[in-house]
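Q: The following block contains the structure, expressed as structure tokens.
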Amino acid sequence: MLNQFNEWKKLPMLYKLALEELQNKVKLIKTELKLQDGYSPIEHTKVRIKEPKSIINKLERKGFDFTLDNILTHIHDIAGMRIVCAFVQDIYRLLDHFSQRDDIRVIEIKDYIANPKPNGYQSLHVIVAVPLILFEGTRWMKVEIQMRTLAMDFWASMEHIIYYKYDKKVPNHVVGELKEAAEAADKLDHQMLRLREEILAQAGDYVAEEPEKIHEN
């Protein structure tokens, strides 16, 4: 019982430290790529820790009791980071980099860019584990990373505001217009990427490539 109590006490701290560890890694990646390429593919990042009420609700939806083991085993998004990039290909470039690092373990990928949700939502969700070097030994903590373009992030923010205002009971015509807006955001992403490729190709610094899409595991 004492061990369980001590685990409960330190769990929020461990997730907070895991986020800080991941933030430092992403900050280094951002700086290195800016020095290497002259620009950073990462526009901005945002982090959050899931509220206890949300954790309980998610466990109930999944059909699990509220226990420490169930939280650690079945809830992967208690710690979350959003990475917003300028272009879709930057998202896949970052994913490839994460997959090759020894200090980040990619556990699960859900590609809602290649396979958008029915409402039009697009984002790349990646569950990773980052190591914390503790007195008790190395402990790998899970963090969910959501990677989006600026256009995808704007759409997701507006969709959240609308659903909150309507208490999730959104009229059908609004749902339809949200889907159209998501398609417009996707079209904008492709158009801006094409313009970037054209400009860089004219400068002789770039060979256009179609970014590889990662499908859900």
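The chains in the structure tokens are called A, B, ... from first to last as shown; in each chain the residues are counted from 1, and the ligands are counted from 1 in the order shown.
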Tell me, counting only C-alpha atoms, for each residue of segment 25-136 of chain A within 10 Å of segment 175-181 of chain A, which pair of atoms is nearest and how far apart they are in Å to one decimal, in rows ordered by chain and increasing number, as a Markdown table.
A:
| residue | atom | partner | partner_atom | distance |
| --- | --- | --- | --- | --- |
| A:Lys117 | CA | A:Lys179 | CA | 9.8 |
| A:Pro118 | CA | A:Lys179 | CA | 8.1 |
| A:Asn119 | CA | A:Lys179 | CA | 5.4 |
| A:Gly120 | CA | A:Lys179 | CA | 5.0 |
| A:Tyr121 | CA | A:Lys179 | CA | 8.2 |
Q: Between A:Ile109, A:Ile104, A:Ala114, A:Ile49, which residue has the minimum interatomic distance to Ala79 of chain A, considering only C-alpha atoms?
A: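 Selected residue with least distance to Ala79 of chain A: A:Ile49.
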Q: Out of A:Arg105, A:Lys169, A:Lys110, A:Arg196, which residue has the shortest atom-to-atom distance to Val130 of chain A when counting only C-alpha atoms?
A: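 Smallest separation from Val130 of chain A among the options: A:Arg105.
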Q: Figure out the distance between atom CA of Met147 of chain A and atom CA of Asn115 of chain A, please, to one decimal in Å.
A: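 Calculated distance between atom CA of Asn115 of chain A and atom CA of Met147 of chain A is 14.2 Å.
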Q: So, with only C-alpha atoms as the atoms that count, which of A:Val174, A:Ile55, A:Leu33, A:Ile113 lies closest to Ile91 of chain A?
A: A:Ile113
Q: If we count only C-alpha atoms, what is near Thr138 of chain A at a cut-off of 12 Å, once residues fewer than 3 positions away on the same chain are taken out, given as a list of chain:residue names?
A: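 After dropping sequence-adjacent residues, the list is A:Leu14, A:Ala18, A:Asp103, A:Ala129, A:Val130, A:Pro131, A:Leu132, A:Ile133, A:Leu134, A:Phe135, A:Met141.
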Q: Would you put the residues from that selection into a file with N, CA, C and O atoms, as an mmCIF file, in the first residue's frame?
A:
data_model
loop_
_atom_site.group_PDB
_atom_site.id
_atom_site.type_symbol
_atom_site.label_atom_id
_atom_site.label_comp_id
_atom_site.auth_asym_id
_atom_site.auth_seq_id
_atom_site.Cartn_x
_atom_site.Cartn_y
_atom_site.Cartn_z
ATOM 1 N N LEU A 14 6.678 12.650 -12.748
ATOM 2 C CA LEU A 14 7.371 11.887 -13.783
ATOM 3 C C LEU A 14 6.913 12.300 -15.178
ATOM 4 O O LEU A 14 7.729 12.447 -16.095
ATOM 5 N N ALA A 18 9.119 14.063 -18.042
ATOM 6 C CA ALA A 18 9.195 13.466 -19.380
ATOM 7 C C ALA A 18 8.917 14.514 -20.452
ATOM 8 O O ALA A 18 9.594 14.551 -21.492
ATOM 9 N N ASP A 103 17.438 7.766 -27.980
ATOM 10 C CA ASP A 103 16.861 8.300 -26.748
ATOM 11 C C ASP A 103 15.374 8.603 -26.878
ATOM 12 O O ASP A 103 14.795 9.286 -26.032
ATOM 13 N N ALA A 129 8.204 7.053 -26.091
ATOM 14 C CA ALA A 129 8.670 6.923 -24.710
ATOM 15 C C ALA A 129 10.027 7.606 -24.612
ATOM 16 O O ALA A 129 10.869 7.456 -25.508
ATOM 17 N N VAL A 130 10.209 8.392 -23.553
ATOM 18 C CA VAL A 130 11.490 9.066 -23.329
ATOM 19 C C VAL A 130 12.067 8.597 -21.990
ATOM 20 O O VAL A 130 11.317 8.336 -21.048
ATOM 21 N N PRO A 131 13.388 8.474 -21.894
ATOM 22 C CA PRO A 131 13.993 7.945 -20.672
ATOM 23 C C PRO A 131 14.214 9.026 -19.610
ATOM 24 O O PRO A 131 14.658 10.127 -19.908
ATOM 25 N N LEU A 132 13.922 8.658 -18.367
ATOM 26 C CA LEU A 132 14.275 9.486 -17.227
ATOM 27 C C LEU A 132 15.308 8.706 -16.418
ATOM 28 O O LEU A 132 15.059 7.569 -16.009
ATOM 29 N N ILE A 133 16.464 9.309 -16.210
ATOM 30 C CA ILE A 133 17.527 8.659 -15.444
ATOM 31 C C ILE A 133 17.306 8.997 -13.971
ATOM 32 O O ILE A 133 17.593 10.106 -13.521
ATOM 33 N N LEU A 134 16.773 8.035 -13.208
ATOM 34 C CA LEU A 134 16.430 8.238 -11.808
ATOM 35 C C LEU A 134 17.387 7.446 -10.917
ATOM 36 O O LEU A 134 18.137 6.587 -11.392
ATOM 37 N N PHE A 135 17.344 7.707 -9.602
ATOM 38 C CA PHE A 135 18.149 6.933 -8.662
ATOM 39 C C PHE A 135 17.775 5.455 -8.715
ATOM 40 O O PHE A 135 18.616 4.574 -8.548
ATOM 41 N N MET A 141 9.021 6.909 -19.940
ATOM 42 C CA MET A 141 7.683 7.470 -19.767
ATOM 43 C C MET A 141 7.078 7.804 -21.131
ATOM 44 O O MET A 141 7.754 8.353 -22.013
#
Q: When DSSP works through the backbone of this structure, what residues of chain A end up as alpha helix (DSSP H), shown as number ranges by chain?
A: A: 2-37, 52-62, 68-74, 88-100, 150-165, 172-202
Q: As an exercise, work out the distance from atom CA of Val88 of chain A to atom CA of Phe154 of chain A in Å and give it to one decimal place.
A: 14.4 Å
Q: What is the distance between atom CA of Leu124 of chain A and atom CA of Asp37 of chain A, in Å to one decimal?
A: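 According to the coordinates, atom CA of Leu124 of chain A and atom CA of Asp37 of chain A are separated by 23.2 Å.
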